[in-house]
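Student: Please see the structure below; I have some questions.
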Amino acid sequence: MRPPLAALPVLLILVAGITVFAVGSDTDRGIPEAVLSSQQHIAEDGAVALEAAVDESVSDLQGAAAHFRGTKSQPADKMLTMLDQAYRKWRGTAVVDLSTRRLLAARGEDVPLGKVDLRGMPANPPPRLVHGDSGVIRLLVFATLTQGGRQELLVASQSLKVPSINVDKGHTLHVVDRDGVTLTSAGPEAGTDRAKAVASVAVREAVGKGPSDTAAAGGFDGPSGSFVGPEEGNTRIAAGYAGVTGGLGTAARPSGALGLTVVTTVRTDRASAGTGDLRRALLAAGVLLALAAGVSAALWGLLQRPVLRLRLEASRLGRGELTGPVPVPRFGEPARVGAALEALRLQLRGESGQSQETAKKRWRRSLSLPGTRTGRRRLGLSTVLVICLFALLAWSASMLMTLGRTWPHTAAVVPRLLSEDQRQRTETAADGVRRGINEGYADLTHVAGVIDGARPEGMREVLDDSLEKHGRYRALYVVDGSGEILVRAGGDPQTPKKLRVTPGVVQTNTSGKEPVIAAVVPQPAQHAASKAERRYVVGEFKVQYLLSLLARPGLGSVWLVDSAQRVIASNKGFVAFGQVSDDRLRVPMETARIGQGSSVQLLGWRNPAVAAVVPFKENRGVASALGWQVASIRPMFWIGLPEYEAQRRIMLVGLLGLTTGALCLGWLYIVVVRPLREVARYAEALADGDRRTVVYPRYHDEVGSLARSLELIRQRLPLVDARSTPRPADEPPASTPAGS
């Protein structure tokens with residue numbers, strides 16, 4: 001009995017202290033944690049996009065070199081022409097004879113080969129960053145192949161920039177190397193000394209960190225973080241950074257060799273002082289302390305003290321000490337037990353006739369309420385526990401109800417910066433999906449040029465190689481002008497014959513278990529005698545590939561929908577071609593569809609969220625013709641804004657008070673009140689003449705000790721009954737046991 005009765009006031013005092021600390025704390029946080037984490041996520045998005053662009057460029061060039069090796073010897077000019085027709089991302093390409101280091105052919109802008117040592121070049125060397133003659137930094141990717149007994153080197157150059165990231169007027173984006181030197185930047189403060197200093201600090205932070213702990217959970221797999229930059233007036237700089245590691249261990253990719261770090265900065269106003277309310281906290285803590293004192297006093301006076309006294313009285317009667325009367329408590333189960341013990345004391349004294357009947361009437365009267373008929377039970381200790389729990393529940397409910405009165409308006413709390421960041425990150429996700437589809441179409445364009453005129457065995461080899469190197473396809477196949485399959489690799493084709501000969505990217509179904517998105521590329525027209533004889537390369541994209549482009553930490557729930565707002569993919573689980581599960585997105589999606597532009601809105605009041613809808617941009621490759629949208633929604637209550645943190649602290653102390661009361665009072669009911677009720681029932685039956693029922697203590701505590709004493713009394717009562725029963729005249733007197 002003592003542990004729960006002692007734990008209840010101690011825990012309530014602890015909750016009162018937590019209330020003062022959690023609800024009354026009022027600190028200046030500078031920049032909200034939500035803003036810092038948002039910058040970190042933007043930097044991670046940039047690092048992922050940059051890593052994917054570099055790795056894709058290396059994979060495309062090396063895949064093209066592998067295809068050239070698998071065909072008959074190709075002239076250098078023809079190889080570059082085929083590359084230029086398939087891929088438009090390289091600013092310049094070149095072919096070099098490695099044995100003589102002589103330039104065999106070149107396309108586009110001059111490739112800065114003089115900045116690269118071509119001697120001892122390994123097979124498929126990693127990409128490199130070089131400074132051109134004009135000071136512009138170029139990314140060079142390489143691929144080696146052997147033709148006609150000589151080793152050749154394919155080289156492609158492109159600008160170093162972060163794709164898929166649109167820098168608005170508030171953000172500044174930097175790409176820096178491992179030495180902290182800014183390689184490229186964009187934004188209002190790009191190129192300033194302050195911005196370069198912040199970027200250098202970010203590189204030092206990234207170098208000192210290991211891989212992110214969120215990698216195992218599907219998050220960013222490299223070093224990332226955020227920090228607060230220098231202060232200037234009423235504004236401060238929030239910075240986020242993410243390293244381009246190119247994967248870990250055996251899964252390392254070529255981009256990791258560059259040692260790049262993406263840094264994003266934004267200037268934001270200092271947050272106002274914390275949102276704690278010390279006056280409310282002290283008032284709530286004072287009320288809780290008063291409740292703790294009242295509940296503890298009630299339980300001590302109505303439960304603990306009566307039970308302890310009854311335990312002593314029962315033990316006295318069990319030892320045979322019957323002189324003094326048993327004091328009967330005035331309430332509940334202790335009153336019932338006390339009245340029964342007094343009746344049992346009289347019976348043990350051997351009082352018979354009118355005295356025994358009087359004793360029974362006394363304990364039966366003690367069970368009746370004043371002014372009511374005999375036999376109606378008093379209110380028990382369960383009622384006391386319910387009242388105490390209700391008092392503590394009322395305090396907890398009052399704390400939780402303050403959430404409704406002090407709930408901040410979403411538009412007043414959520415900085416516009418976070419809304420713009422949500423829109424920007426959703427644009428990044430949409431652009432990533434669009435680029436992935438466009439890159440797949442470019443790969444198929446290159447495959448169509450390589451297999452032109454090849455035998456079926458050669459075509460199958462090229463398809464198998466492309467399917468293995470690119471994880472975006474579920475099936476690759478070549479069809480004739482009527483849509484009949486000539487050669488295929490991968491899974492079973494799902495695209496109807498009519499659509500297999502329609503160039504472009506098309507969504508082939510609007511119902512079924514899984515969306516089917518196919519890219520169709522015809523062979524070069526000059527190599528086909530007629531349109532009917534032309535061949536087509538068809539690639540069907542994996543839905544899992546699209547899911548991987550949508551899964552970004554901190555973006556919330558993301559959906560990829562088609563032109564009719566049917567779900568194609570989602571990072572939160574989805575039913576293919578169903579509706580978006582959050583109805584609040586319907587209006588923003590329709591607004592974006594009609595206006596053909598990005599839409600961002602603050603939604604809700606009780607359940608605030610920020611939503612963004614971004615359609616595929618027009619004239620950005622073949623994927624734009626799909627008319628798809630990317631929609632995202634992120635709940636605001638659980639992000640690190642001071643106003644919502646204050647609400648969560650109020651909720652915490654309310655739940656702590658409720659849990660403490662329910663735990664301790666439930667403990668008392670199970671361990672004390674319920675066993676005491678059974679003991680009272682047994683004591684009444686024993687006083688009413690039941691000598692056969694044996695009581696067993698449930699716990700070795702005060703109530704258990706009371707039960708054991710009642711069992712001793714039960715064992716003594718038959719002897720008293722035998723002595724008080726009149727003997728027949730011819731029956732000899734019964735012998736008395738020794739020690740009685």
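Please note that chains go A, B, ... in the order of the structure tokens, that every chain numbers its residues from 1, and that ligands are numbered from 1 in the order shown.
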List as a PyMOL selection string the protein and nucleic acid residues near range 32-46 of chain A, meaning an atom at most 9 Å away when only C-alpha atoms are counted, but skip any in the same chain fewer than 2 places from it.

Tutor: chain A and resi 29-30+48-51+162-165+173+220+222+224-228+238-244+261-266+268+270-271+415+417-418+421-422+424-425+428-429+552-555+639-642

Student: Go ahead and save the residues from that selection, with N, CA and C atoms, as a compact mmCIF listing (two decimals), in the first residue's frame.

Tutor:
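In the end it all went to selection_4.txt:
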```txt
# COMPACT_ATOMS: atom_id res chain seq x y z
N ARG A 29 15.64 32.07 -29.01
CA ARG A 29 16.21 31.00 -29.82
C ARG A 29 16.94 31.51 -31.05
N GLY A 30 16.89 32.78 -31.34
CA GLY A 30 17.58 33.29 -32.51
C GLY A 30 16.86 32.91 -33.78
N VAL A 48 22.13 15.58 -53.67
CA VAL A 48 21.60 14.41 -54.37
C VAL A 48 21.48 14.69 -55.86
N ALA A 49 20.99 15.87 -56.22
CA ALA A 49 20.85 16.22 -57.63
C ALA A 49 22.20 16.31 -58.32
N LEU A 50 23.19 16.93 -57.65
CA LEU A 50 24.52 17.04 -58.24
C LEU A 50 25.17 15.67 -58.39
N GLU A 51 25.03 14.85 -57.36
CA GLU A 51 25.59 13.50 -57.41
C GLU A 51 24.97 12.69 -58.55
N VAL A 162 24.39 23.02 -59.97
CA VAL A 162 23.46 22.14 -59.27
C VAL A 162 22.15 22.12 -60.04
N PRO A 163 21.80 21.00 -60.67
CA PRO A 163 20.52 20.97 -61.39
C PRO A 163 19.35 20.89 -60.43
N SER A 164 18.19 21.21 -60.93
CA SER A 164 16.92 21.06 -60.20
C SER A 164 16.76 22.03 -59.04
N ILE A 165 17.69 22.94 -58.80
CA ILE A 165 17.57 23.89 -57.70
C ILE A 165 17.42 25.28 -58.28
N LEU A 173 23.27 29.78 -53.17
CA LEU A 173 23.72 28.41 -53.29
C LEU A 173 25.19 28.38 -53.70
N PHE A 220 19.44 10.95 -46.31
CA PHE A 220 20.67 11.33 -46.98
C PHE A 220 21.83 10.51 -46.43
N GLY A 222 25.18 11.00 -46.60
CA GLY A 222 26.47 11.67 -46.44
C GLY A 222 26.44 12.65 -45.29
N SER A 224 25.87 15.93 -43.38
CA SER A 224 25.01 17.10 -43.61
C SER A 224 24.69 17.72 -42.27
N GLY A 225 24.26 18.97 -42.31
CA GLY A 225 23.94 19.67 -41.07
C GLY A 225 23.56 21.11 -41.36
N SER A 226 23.46 21.89 -40.30
CA SER A 226 23.11 23.30 -40.42
C SER A 226 23.76 24.06 -39.28
N PHE A 227 23.89 25.36 -39.44
CA PHE A 227 24.44 26.22 -38.40
C PHE A 227 23.99 27.64 -38.65
N VAL A 228 24.18 28.48 -37.64
CA VAL A 228 23.80 29.89 -37.72
C VAL A 228 25.04 30.70 -38.06
N ALA A 238 21.12 31.73 -41.89
CA ALA A 238 20.91 30.30 -41.64
C ALA A 238 21.54 29.53 -42.79
N ALA A 239 22.42 28.60 -42.47
CA ALA A 239 23.16 27.87 -43.48
C ALA A 239 22.95 26.37 -43.33
N GLY A 240 22.85 25.68 -44.45
CA GLY A 240 22.78 24.23 -44.47
C GLY A 240 23.82 23.70 -45.44
N TYR A 241 24.33 22.53 -45.17
CA TYR A 241 25.36 21.95 -46.03
C TYR A 241 25.14 20.45 -46.17
N ALA A 242 25.65 19.89 -47.26
CA ALA A 242 25.57 18.45 -47.51
C ALA A 242 26.72 18.07 -48.43
N GLY A 243 27.44 17.02 -48.06
CA GLY A 243 28.58 16.57 -48.86
C GLY A 243 28.16 15.57 -49.92
N VAL A 244 28.81 15.66 -51.07
CA VAL A 244 28.59 14.71 -52.17
C VAL A 244 29.57 13.57 -51.97
N THR A 261 30.94 19.84 -51.81
CA THR A 261 29.96 20.11 -50.77
C THR A 261 29.01 21.19 -51.27
N VAL A 262 27.72 20.96 -51.10
CA VAL A 262 26.70 21.94 -51.48
C VAL A 262 26.29 22.71 -50.23
N VAL A 263 26.33 24.03 -50.32
CA VAL A 263 26.01 24.90 -49.19
C VAL A 263 24.90 25.86 -49.63
N THR A 264 23.88 25.97 -48.79
CA THR A 264 22.81 26.93 -49.06
C THR A 264 22.70 27.87 -47.86
N THR A 265 22.51 29.14 -48.13
CA THR A 265 22.37 30.14 -47.07
C THR A 265 21.16 31.01 -47.37
N VAL A 266 20.57 31.53 -46.30
CA VAL A 266 19.45 32.44 -46.44
C VAL A 266 19.51 33.43 -45.28
N THR A 268 17.63 35.70 -42.68
CA THR A 268 16.31 35.69 -42.07
C THR A 268 16.31 36.57 -40.83
N ARG A 270 15.69 37.62 -36.99
CA ARG A 270 15.81 36.93 -35.72
C ARG A 270 14.42 36.63 -35.16
N ALA A 271 14.30 35.44 -34.58
CA ALA A 271 13.02 35.09 -33.97
C ALA A 271 12.80 35.92 -32.71
N PRO A 415 6.85 30.98 -40.91
CA PRO A 415 7.50 32.01 -41.73
C PRO A 415 7.26 31.75 -43.22
N LEU A 417 9.33 32.01 -45.35
CA LEU A 417 10.50 31.30 -45.83
C LEU A 417 10.26 29.80 -45.91
N LEU A 418 9.56 29.22 -44.89
CA LEU A 418 9.30 27.79 -44.91
C LEU A 418 8.33 27.42 -46.03
N ASP A 421 10.37 27.43 -49.08
CA ASP A 421 11.26 26.27 -49.10
C ASP A 421 10.51 25.01 -49.49
N GLN A 422 9.26 24.88 -49.01
CA GLN A 422 8.46 23.71 -49.39
C GLN A 422 8.19 23.72 -50.89
N GLN A 424 10.03 25.20 -53.15
CA GLN A 424 11.29 24.99 -53.85
C GLN A 424 11.69 23.51 -53.83
N ARG A 425 11.51 22.85 -52.69
CA ARG A 425 11.88 21.44 -52.60
C ARG A 425 10.93 20.58 -53.44
N THR A 428 12.10 20.85 -56.85
CA THR A 428 13.27 20.00 -57.03
C THR A 428 12.87 18.56 -57.27
N ALA A 429 11.89 18.07 -56.51
CA ALA A 429 11.42 16.70 -56.70
C ALA A 429 10.78 16.52 -58.08
N ARG A 552 12.25 12.05 -50.20
CA ARG A 552 13.20 13.01 -49.66
C ARG A 552 12.83 13.28 -48.21
N PRO A 553 13.78 13.20 -47.30
CA PRO A 553 13.47 13.44 -45.88
C PRO A 553 13.04 14.88 -45.64
N GLY A 554 12.05 15.04 -44.76
CA GLY A 554 11.61 16.38 -44.37
C GLY A 554 10.65 17.04 -45.34
N LEU A 555 10.27 16.35 -46.41
CA LEU A 555 9.35 16.95 -47.38
C LEU A 555 7.90 16.61 -47.07
N ILE A 639 7.16 20.49 -36.44
CA ILE A 639 8.45 21.05 -36.83
C ILE A 639 8.89 22.05 -35.77
N GLY A 640 10.14 22.47 -35.85
CA GLY A 640 10.74 23.26 -34.77
C GLY A 640 10.45 24.74 -34.84
N LEU A 641 9.18 25.12 -34.69
CA LEU A 641 8.81 26.53 -34.55
C LEU A 641 8.49 26.82 -33.09
N PRO A 642 8.93 27.95 -32.54
CA PRO A 642 8.75 28.21 -31.10
C PRO A 642 7.31 28.13 -30.65
```

Student: With only C-alpha atoms as the counted atoms, please give the residues lying no more than 9 Å from Leu385 in chain A, apart from itself and same-chain residues fewer than 2 positions off, as an MDAnalysis selection string.

Tutor: chainID A and resid 299 381:383 387:390 665:666 668:669

Student: For the structure I just gave you, how does DSSP split range 572-684 of chain A - specifically, which residues are helix (DSSP H, G or I)? Reply as number ranges by chain.

Tutor: A: 583-595, 622-626, 642-684

Student: When distances are computed from only C-alpha atoms, which of A:Arg101, A:Ala66, A:Ala52, A:Arg691 shows the smallest separation from Val433 in chain A?

Tutor: A:Ala52

Student: Show which residues sit within 10 Å of range 323-335 of chain A, as a ChimeraX atom specification. Count only C-alpha atoms, and ignore same-chain residues fewer than 2 positions away.

Tutor: /A:302-310,313-314,316-317,320-321,337-346,349,363,366-367,377-384,673-674,676-681

Student: Output N, CA and C atoms for every residue in the selection just made, as a compact mmCIF listing (two decimals), in the first residue's frame.

Tutor:
```
# COMPACT_ATOMS: atom_id res chain seq x y z
N LEU A 302 -8.75 8.02 4.50
CA LEU A 302 -9.82 7.08 4.19
C LEU A 302 -9.33 5.68 3.85
N LEU A 303 -8.05 5.55 3.54
CA LEU A 303 -7.55 4.25 3.13
C LEU A 303 -6.39 3.75 3.98
N GLN A 304 -5.30 4.52 3.99
CA GLN A 304 -4.09 3.99 4.63
C GLN A 304 -4.26 3.83 6.15
N ARG A 305 -4.67 4.89 6.83
CA ARG A 305 -4.77 4.81 8.29
C ARG A 305 -5.82 3.80 8.75
N PRO A 306 -7.04 3.75 8.17
CA PRO A 306 -8.00 2.72 8.60
C PRO A 306 -7.50 1.30 8.37
N VAL A 307 -6.87 1.05 7.22
CA VAL A 307 -6.41 -0.31 6.93
C VAL A 307 -5.30 -0.72 7.90
N LEU A 308 -4.39 0.20 8.19
CA LEU A 308 -3.32 -0.14 9.13
C LEU A 308 -3.89 -0.43 10.53
N ARG A 309 -4.87 0.34 10.98
CA ARG A 309 -5.49 0.08 12.29
C ARG A 309 -6.22 -1.26 12.30
N LEU A 310 -6.95 -1.54 11.22
CA LEU A 310 -7.66 -2.81 11.15
C LEU A 310 -6.69 -3.99 11.13
N GLU A 313 -5.83 -4.54 14.70
CA GLU A 313 -6.94 -5.11 15.46
C GLU A 313 -7.17 -6.56 15.10
N ALA A 314 -7.09 -6.89 13.79
CA ALA A 314 -7.28 -8.28 13.38
C ALA A 314 -6.18 -9.16 13.93
N ARG A 316 -4.59 -8.64 16.70
CA ARG A 316 -4.87 -8.79 18.13
C ARG A 316 -5.92 -9.87 18.37
N LEU A 317 -6.99 -9.86 17.58
CA LEU A 317 -8.03 -10.87 17.76
C LEU A 317 -7.52 -12.26 17.40
N GLY A 320 -5.95 -13.81 20.25
CA GLY A 320 -6.82 -14.11 21.38
C GLY A 320 -6.99 -12.98 22.35
N GLU A 321 -6.54 -11.78 22.02
CA GLU A 321 -6.70 -10.63 22.90
C GLU A 321 -8.05 -9.98 22.59
N VAL A 337 -15.19 -4.05 7.27
CA VAL A 337 -14.27 -4.97 7.94
C VAL A 337 -14.26 -4.72 9.44
N GLY A 338 -14.25 -3.45 9.86
CA GLY A 338 -14.24 -3.13 11.29
C GLY A 338 -15.48 -3.64 12.00
N ALA A 339 -16.68 -3.46 11.40
CA ALA A 339 -17.91 -3.95 12.01
C ALA A 339 -17.89 -5.47 12.13
N ALA A 340 -17.39 -6.14 11.07
CA ALA A 340 -17.31 -7.60 11.12
C ALA A 340 -16.33 -8.05 12.19
N LEU A 341 -15.21 -7.36 12.35
CA LEU A 341 -14.24 -7.73 13.38
C LEU A 341 -14.83 -7.56 14.77
N GLU A 342 -15.62 -6.52 14.98
CA GLU A 342 -16.25 -6.32 16.30
C GLU A 342 -17.23 -7.45 16.59
N ALA A 343 -18.02 -7.85 15.57
CA ALA A 343 -18.94 -8.97 15.76
C ALA A 343 -18.17 -10.25 16.05
N LEU A 344 -17.06 -10.46 15.34
CA LEU A 344 -16.26 -11.66 15.58
C LEU A 344 -15.63 -11.62 16.97
N ARG A 345 -15.26 -10.43 17.44
CA ARG A 345 -14.70 -10.34 18.79
C ARG A 345 -15.72 -10.78 19.83
N LEU A 346 -16.95 -10.34 19.65
CA LEU A 346 -18.00 -10.75 20.59
C LEU A 346 -18.24 -12.25 20.54
N ARG A 349 -15.58 -14.03 22.36
CA ARG A 349 -15.75 -13.92 23.81
C ARG A 349 -16.83 -14.88 24.33
N TRP A 363 -23.04 -4.60 13.52
CA TRP A 363 -22.22 -4.52 12.29
C TRP A 363 -23.08 -4.42 11.04
N SER A 366 -23.97 -0.85 10.71
CA SER A 366 -22.84 -0.05 10.22
C SER A 366 -22.71 -0.08 8.70
N LEU A 367 -23.41 -1.04 8.06
CA LEU A 367 -23.36 -1.13 6.60
C LEU A 367 -24.44 -0.30 5.92
N ARG A 377 -25.61 -0.58 0.71
CA ARG A 377 -24.19 -0.44 0.99
C ARG A 377 -23.74 1.02 0.96
N ARG A 378 -22.72 1.27 1.77
CA ARG A 378 -22.09 2.59 1.73
C ARG A 378 -21.28 2.75 0.44
N LEU A 379 -20.95 3.99 0.13
CA LEU A 379 -20.01 4.24 -0.95
C LEU A 379 -18.65 3.70 -0.56
N GLY A 380 -17.96 3.04 -1.52
CA GLY A 380 -16.70 2.38 -1.20
C GLY A 380 -15.50 3.20 -1.59
N LEU A 381 -14.34 2.58 -1.39
CA LEU A 381 -13.08 3.25 -1.72
C LEU A 381 -12.92 3.45 -3.22
N SER A 382 -13.60 2.63 -4.04
CA SER A 382 -13.54 2.85 -5.49
C SER A 382 -14.06 4.23 -5.84
N THR A 383 -15.09 4.67 -5.13
CA THR A 383 -15.63 6.01 -5.37
C THR A 383 -14.59 7.08 -5.04
N VAL A 384 -13.85 6.86 -3.97
CA VAL A 384 -12.79 7.82 -3.60
C VAL A 384 -11.75 7.90 -4.70
N VAL A 673 -7.50 -1.86 -3.09
CA VAL A 673 -8.95 -1.73 -2.97
C VAL A 673 -9.66 -3.01 -3.34
N ARG A 674 -9.31 -3.60 -4.46
CA ARG A 674 -10.01 -4.82 -4.88
C ARG A 674 -9.78 -5.98 -3.91
N LEU A 676 -9.09 -5.67 -0.76
CA LEU A 676 -9.76 -5.29 0.48
C LEU A 676 -11.26 -5.54 0.38
N ARG A 677 -11.84 -5.35 -0.79
CA ARG A 677 -13.26 -5.63 -0.97
C ARG A 677 -13.55 -7.12 -0.77
N GLU A 678 -12.68 -7.98 -1.27
CA GLU A 678 -12.87 -9.41 -1.07
C GLU A 678 -12.71 -9.79 0.40
N VAL A 679 -11.73 -9.17 1.08
CA VAL A 679 -11.56 -9.44 2.51
C VAL A 679 -12.79 -8.99 3.29
N ALA A 680 -13.38 -7.86 2.94
CA ALA A 680 -14.58 -7.38 3.62
C ALA A 680 -15.74 -8.35 3.40
N ARG A 681 -15.88 -8.85 2.19
CA ARG A 681 -16.95 -9.81 1.92
C ARG A 681 -16.75 -11.09 2.75
```

Student: Quick one: distance from CA of Ala285 in chain A to CA of Gly661 in chain A in Å, one decimal?

Tutor: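 Atom-to-atom, CA of Ala285 in chain A and CA of Gly661 in chain A are spaced 15.0 Å apart.
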
Student: Calculate how many Å separate CA of Ala631 in chain A from CA of Lys161 in chain A, rounding to one decimal.

Tutor: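 Going from CA of Ala631 in chain A over to CA of Lys161 in chain A covers 25.6 Å.
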
Student: How would you write, as a PyMOL selection string, the set of residues in range 396-635 of chain A that DSSP gives as strand (DSSP E or B)?

Tutor: chain A and resi 473-479+485-490+504-507+517-522+536-541+557-561+567-570+599-603+609-615+629-635

Student: List the neighbours of range 445-454 of chain A out to 9 Å using only C-alpha atoms; skip same-chain residues closer than 5 positions along the sequence, and give me the result as a VMD selection string.

Tutor: chain A and resid 64 67 to 68 71 82 to 83 85 to 87 440 459 462 to 463 466 478 520 to 524 527 535 to 537

Student: Write out as a PyMOL selection string which residues come within 10 Å of Thr100 in chain A when counting only C-alpha atoms, dropping same-chain ones fewer than 4 positions away.

Tutor: chain A and resi 96+118-119+150-152

Student: Go ahead and save the residues from that selection, with N, CA and C atoms, as a PDB file, in the first residue's frame.

Tutor:
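Printed below is out_39.pdb as written:
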```pdb
ATOM      1  N   VAL A  96      40.478  11.041 -78.158  1.00  0.00           N
ATOM      2  CA  VAL A  96      41.932  11.173 -78.119  1.00  0.00           C
ATOM      3  C   VAL A  96      42.546   9.789 -78.258  1.00  0.00           C
ATOM      4  N   LEU A 118      47.405  12.974 -69.675  1.00  0.00           N
ATOM      5  CA  LEU A 118      46.872  11.793 -70.341  1.00  0.00           C
ATOM      6  C   LEU A 118      47.793  10.587 -70.246  1.00  0.00           C
ATOM      7  N   ARG A 119      48.983  10.786 -69.731  1.00  0.00           N
ATOM      8  CA  ARG A 119      49.911   9.655 -69.624  1.00  0.00           C
ATOM      9  C   ARG A 119      49.503   8.757 -68.458  1.00  0.00           C
ATOM     10  N   ARG A 150      44.044   0.122 -81.249  1.00  0.00           N
ATOM     11  CA  ARG A 150      44.530   1.287 -80.509  1.00  0.00           C
ATOM     12  C   ARG A 150      43.533   1.647 -79.405  1.00  0.00           C
ATOM     13  N   GLN A 151      44.067   2.225 -78.359  1.00  0.00           N
ATOM     14  CA  GLN A 151      43.246   2.618 -77.215  1.00  0.00           C
ATOM     15  C   GLN A 151      42.875   4.084 -77.350  1.00  0.00           C
ATOM     16  N   GLU A 152      41.581   4.333 -77.264  1.00  0.00           N
ATOM     17  CA  GLU A 152      41.067   5.689 -77.424  1.00  0.00           C
ATOM     18  C   GLU A 152      40.375   6.139 -76.134  1.00  0.00           C
TER      19      GLU A 152
END
```

Student: Mind pulling up the distance from CA of Ser396 in chain A to CA of Gly657 in chain A?

Tutor: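 Atom-to-atom, CA of Gly657 in chain A and CA of Ser396 in chain A are spaced 5.8 Å apart.
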
Student: Which residue gives the smallest distance to Gly556 in chain A among A:Val136, A:Ala195, A:Met636, A:Ala394, with only C-alpha atoms counted?

Tutor: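 Among the listed residues, A:Met636 lies closest to Gly556 in chain A.
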
Student: I'd like the neighbourhood of Lys498 in chain A as a ChimeraX atom specification, where a residue qualifies if any of its atoms comes within 12 Å (using only C-alpha atoms), though same-chain residues fewer than 2 positions away should be ignored.

Tutor: /A:479-484,494-496,500-503,506,508,520,536
